[in-house]
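**Student:** Dropping a structure here in structure tokens format, bear with me for questions.
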Amino acid sequence: MKAAVRKWEAVREFALGLPEAVEEQPWDPASSVVKINKKIFVFLGSADGPEPPGLSVKLTDEDLHGHAMTAPGAEPTGYGLGRSGWVTVPLGEKGSPSAEVLCEWVEESYRTVALKRHVKALDERSGTEG
């Protein structure tokens, strides 16, 4: 469980470090999301709830989506979001993805919902071109 919380914290910190990302608790204080331009790019849930932490990201790239779906316990996100490429990945499962892989998925989800200027700012910051 401690490893899952550490991954959750690393992913949260990474997501909040993306250009203009903001955290909100739209439903209750124990459950948070990170948004860009009023659009959610990662559902973080909670790190200290009764269930092990997990996250949901939007992966429209077929290879990334397929990879995410192979994670232990991964499933299409509920409420119909799975049809749009959202994947929910529990972090407490044996063999769950590393924080590094999770952050790659969060960045891809960010790129999917962000405006072009946000993606450009991210690319300039990381020294890549989009």
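If you're wondering about the labels, chains in the structure tokens are A, B, ... by order shown, residues count from 1 in each chain, ligands from 1 in order shown.
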Enumerate as a ChimeraX atom specification all residues of chain A assigned to helix (DSSP H, G or I) by DSSP on the backbone, naming them with the chain letters and numbers the document uses.

**Tutor:** /A:2-16,62-69,81-84,99-113,116-126

**Student:** Can you tell me which residues surround Val34 (chain A) at a distance of at most 12 Å, considering only C-alpha atoms, apart from same-chain residues fewer than 2 positions away, and format the answer as a count of residues only?

**Tutor:** 37

**Student:** Write out as an mmCIF file with N, CA, C and O atoms, in the first residue's frame all residues of chain A that backbone DSSP assigns to strand (DSSP E or B).

**Tutor:**
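Written file, selection.cif:
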data_model
loop_
_atom_site.group_PDB
_atom_site.id
_atom_site.type_symbol
_atom_site.label_atom_id
_atom_site.label_comp_id
_atom_site.auth_asym_id
_atom_site.auth_seq_id
_atom_site.Cartn_x
_atom_site.Cartn_y
_atom_site.Cartn_z
ATOM 1 N N VAL A 22 -4.299 22.640 -12.827
ATOM 2 C CA VAL A 22 -4.878 22.976 -11.532
ATOM 3 C C VAL A 22 -5.603 21.753 -10.959
ATOM 4 O O VAL A 22 -6.186 20.967 -11.689
ATOM 5 N N GLU A 23 -5.542 21.650 -9.641
ATOM 6 C CA GLU A 23 -6.210 20.545 -8.949
ATOM 7 C C GLU A 23 -7.528 21.039 -8.372
ATOM 8 O O GLU A 23 -7.611 22.148 -7.860
ATOM 9 N N GLU A 24 -8.535 20.203 -8.464
ATOM 10 C CA GLU A 24 -9.844 20.516 -7.888
ATOM 11 C C GLU A 24 -10.409 19.271 -7.223
ATOM 12 O O GLU A 24 -10.024 18.147 -7.557
ATOM 13 N N GLN A 25 -11.328 19.498 -6.289
ATOM 14 C CA GLN A 25 -12.078 18.410 -5.659
ATOM 15 C C GLN A 25 -13.553 18.653 -5.956
ATOM 16 O O GLN A 25 -14.284 19.161 -5.111
ATOM 17 N N PRO A 26 -14.014 18.293 -7.170
ATOM 18 C CA PRO A 26 -15.374 18.630 -7.580
ATOM 19 C C PRO A 26 -16.477 17.854 -6.863
ATOM 20 O O PRO A 26 -17.609 18.318 -6.818
ATOM 21 N N TRP A 27 -16.148 16.681 -6.322
ATOM 22 C CA TRP A 27 -17.199 15.877 -5.707
ATOM 23 C C TRP A 27 -17.076 15.811 -4.203
ATOM 24 O O TRP A 27 -18.044 15.923 -3.493
ATOM 25 N N ASP A 28 -15.886 15.584 -3.699
ATOM 26 C CA ASP A 28 -15.663 15.590 -2.251
ATOM 27 C C ASP A 28 -14.175 15.810 -2.002
ATOM 28 O O ASP A 28 -13.362 15.585 -2.885
ATOM 29 N N SER A 31 -11.399 13.200 -3.015
ATOM 30 C CA SER A 31 -11.225 12.773 -4.396
ATOM 31 C C SER A 31 -10.838 13.975 -5.241
ATOM 32 O O SER A 31 -11.556 14.970 -5.262
ATOM 33 N N SER A 32 -9.697 13.888 -5.927
ATOM 34 C CA SER A 32 -9.276 15.054 -6.691
ATOM 35 C C SER A 32 -9.078 14.727 -8.168
ATOM 36 O O SER A 32 -8.911 13.575 -8.560
ATOM 37 N N VAL A 33 -9.125 15.786 -8.959
ATOM 38 C CA VAL A 33 -8.869 15.719 -10.391
ATOM 39 C C VAL A 33 -7.862 16.812 -10.718
ATOM 40 O O VAL A 33 -7.715 17.772 -9.975
ATOM 41 N N VAL A 34 -7.170 16.651 -11.838
ATOM 42 C CA VAL A 34 -6.283 17.714 -12.304
ATOM 43 C C VAL A 34 -6.786 18.115 -13.686
ATOM 44 O O VAL A 34 -7.074 17.265 -14.527
ATOM 45 N N LYS A 35 -6.904 19.437 -13.872
ATOM 46 C CA LYS A 35 -7.491 19.990 -15.090
ATOM 47 C C LYS A 35 -6.529 20.929 -15.797
ATOM 48 O O LYS A 35 -5.644 21.509 -15.181
ATOM 49 N N ILE A 36 -6.797 21.075 -17.086
ATOM 50 C CA ILE A 36 -6.162 22.105 -17.894
ATOM 51 C C ILE A 36 -7.283 22.753 -18.688
ATOM 52 O O ILE A 36 -8.086 22.056 -19.306
ATOM 53 N N LYS A 39 -10.730 21.339 -18.373
ATOM 54 C CA LYS A 39 -10.951 19.955 -18.803
ATOM 55 C C LYS A 39 -10.089 19.022 -17.952
ATOM 56 O O LYS A 39 -8.882 19.239 -17.812
ATOM 57 N N ILE A 40 -10.704 17.977 -17.438
ATOM 58 C CA ILE A 40 -9.979 17.009 -16.625
ATOM 59 C C ILE A 40 -9.054 16.180 -17.518
ATOM 60 O O ILE A 40 -9.461 15.700 -18.569
ATOM 61 N N PHE A 41 -7.806 16.014 -17.064
ATOM 62 C CA PHE A 41 -6.911 15.111 -17.785
ATOM 63 C C PHE A 41 -6.449 13.956 -16.907
ATOM 64 O O PHE A 41 -5.898 12.985 -17.402
ATOM 65 N N VAL A 42 -6.707 14.019 -15.615
ATOM 66 C CA VAL A 42 -6.446 12.867 -14.751
ATOM 67 C C VAL A 42 -7.373 12.913 -13.536
ATOM 68 O O VAL A 42 -7.522 13.948 -12.903
ATOM 69 N N PHE A 43 -8.034 11.795 -13.304
ATOM 70 C CA PHE A 43 -8.795 11.586 -12.077
ATOM 71 C C PHE A 43 -7.837 10.903 -11.120
ATOM 72 O O PHE A 43 -7.334 9.814 -11.416
ATOM 73 N N LEU A 44 -7.573 11.537 -9.976
ATOM 74 C CA LEU A 44 -6.608 10.978 -9.037
ATOM 75 C C LEU A 44 -7.242 10.191 -7.908
ATOM 76 O O LEU A 44 -6.575 9.418 -7.245
ATOM 77 N N GLY A 45 -8.511 10.406 -7.648
ATOM 78 C CA GLY A 45 -9.108 9.726 -6.507
ATOM 79 C C GLY A 45 -8.443 10.199 -5.232
ATOM 80 O O GLY A 45 -8.147 11.377 -5.077
ATOM 81 N N GLY A 54 -5.679 4.876 -7.042
ATOM 82 C CA GLY A 54 -5.667 4.580 -8.462
ATOM 83 C C GLY A 54 -5.791 5.879 -9.223
ATOM 84 O O GLY A 54 -5.867 6.953 -8.625
ATOM 85 N N LEU A 55 -5.833 5.781 -10.531
ATOM 86 C CA LEU A 55 -6.018 6.984 -11.340
ATOM 87 C C LEU A 55 -6.692 6.606 -12.644
ATOM 88 O O LEU A 55 -6.721 5.442 -13.031
ATOM 89 N N SER A 56 -7.235 7.616 -13.292
ATOM 90 C CA SER A 56 -7.841 7.433 -14.612
ATOM 91 C C SER A 56 -7.262 8.486 -15.538
ATOM 92 O O SER A 56 -7.137 9.657 -15.165
ATOM 93 N N VAL A 57 -6.894 8.051 -16.751
ATOM 94 C CA VAL A 57 -6.323 8.942 -17.757
ATOM 95 C C VAL A 57 -6.986 8.690 -19.100
ATOM 96 O O VAL A 57 -7.497 7.602 -19.351
ATOM 97 N N LYS A 58 -6.958 9.707 -19.963
ATOM 98 C CA LYS A 58 -7.522 9.580 -21.301
ATOM 99 C C LYS A 58 -6.388 9.278 -22.276
ATOM 100 O O LYS A 58 -5.514 10.108 -22.501
ATOM 101 N N GLU A 75 -9.128 -1.175 -16.212
ATOM 102 C CA GLU A 75 -10.417 -1.337 -16.886
ATOM 103 C C GLU A 75 -10.846 -0.012 -17.499
ATOM 104 O O GLU A 75 -10.377 1.041 -17.083
ATOM 105 N N PRO A 76 -11.760 -0.067 -18.480
ATOM 106 C CA PRO A 76 -12.293 1.185 -19.015
ATOM 107 C C PRO A 76 -12.963 1.961 -17.876
ATOM 108 O O PRO A 76 -13.633 1.369 -17.028
ATOM 109 N N TRP A 86 -10.805 6.617 -21.878
ATOM 110 C CA TRP A 86 -10.379 6.712 -20.479
ATOM 111 C C TRP A 86 -10.131 5.321 -19.915
ATOM 112 O O TRP A 86 -10.917 4.394 -20.130
ATOM 113 N N VAL A 87 -9.022 5.184 -19.177
ATOM 114 C CA VAL A 87 -8.637 3.928 -18.544
ATOM 115 C C VAL A 87 -8.403 4.189 -17.057
ATOM 116 O O VAL A 87 -7.753 5.177 -16.698
ATOM 117 N N THR A 88 -8.932 3.313 -16.210
ATOM 118 C CA THR A 88 -8.699 3.390 -14.775
ATOM 119 C C THR A 88 -7.684 2.319 -14.393
ATOM 120 O O THR A 88 -7.845 1.151 -14.755
ATOM 121 N N VAL A 89 -6.644 2.751 -13.681
ATOM 122 C CA VAL A 89 -5.552 1.848 -13.302
ATOM 123 C C VAL A 89 -5.384 1.892 -11.786
ATOM 124 O O VAL A 89 -5.039 2.934 -11.233
ATOM 125 N N PRO A 90 -5.624 0.756 -11.109
ATOM 126 C CA PRO A 90 -5.360 0.722 -9.672
ATOM 127 C C PRO A 90 -3.851 0.654 -9.425
ATOM 128 O O PRO A 90 -3.126 0.032 -10.189
#

**Student:** Quick one: of A:Ala47, A:Ala74, A:Leu115, A:Ala30, who's nearest to Glu93 (chain A), counting only C-alpha atoms?

**Tutor:**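 Of all the options, A:Ala74 lies closest to Glu93 (chain A).
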
**Student:** Near Asp63 (chain A), counting only C-alpha atoms, which residues have an atom at most 12 Å away, once you skip same-chain residues fewer than 5 positions from it, shown as a short mmCIF file (atom, residue, chain, number, x, y, z; two decimals) with C-alpha atoms, in the first residue's frame?

**Tutor:**
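Once everything was written out, this is result-v1.cif:
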data_model
loop_
_atom_site.label_atom_id
_atom_site.label_comp_id
_atom_site.auth_asym_id
_atom_site.auth_seq_id
_atom_site.Cartn_x
_atom_site.Cartn_y
_atom_site.Cartn_z
CA ALA A 68 -2.58 0.68 -20.06
CA MET A 69 -5.31 -1.94 -20.38
CA THR A 70 -2.72 -4.68 -19.72
CA GLY A 85 -10.42 6.27 -24.27
CA TRP A 105 0.27 8.32 -19.50
CA GLU A 108 -0.37 11.91 -22.96
#

**Student:** Considering only C-alpha atoms, state which residue in the set A:Gly95, A:Pro29, A:Leu122, A:Leu102 is at the smallest distance from Leu64 (chain A).

**Tutor:**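 Result for the nearest residue to Leu64 (chain A): A:Leu102.
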
**Student:** Here is a test: counting only C-alpha atoms, which residue of A:Ala3, A:Ala121, A:Ala71, A:Leu81 is nearest to Val101 (chain A)?

**Tutor:**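 The answer is A:Ala71, which sits nearest to Val101 (chain A).
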
**Student:** Just checking: using only C-alpha atoms, which residue out of A:Pro53, A:Pro72, A:Gly82, A:Gly66 ends up closest to Pro97 (chain A)?

**Tutor:** A:Pro72

**Student:** Using only C-alpha atoms, which residue out of A:Ser126, A:Ser84, A:Arg117, A:Lys2 lies closest to Glu62 (chain A)?

**Tutor:**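 Ranked by minimum distance to Glu62 (chain A), first place goes to A:Ser84.
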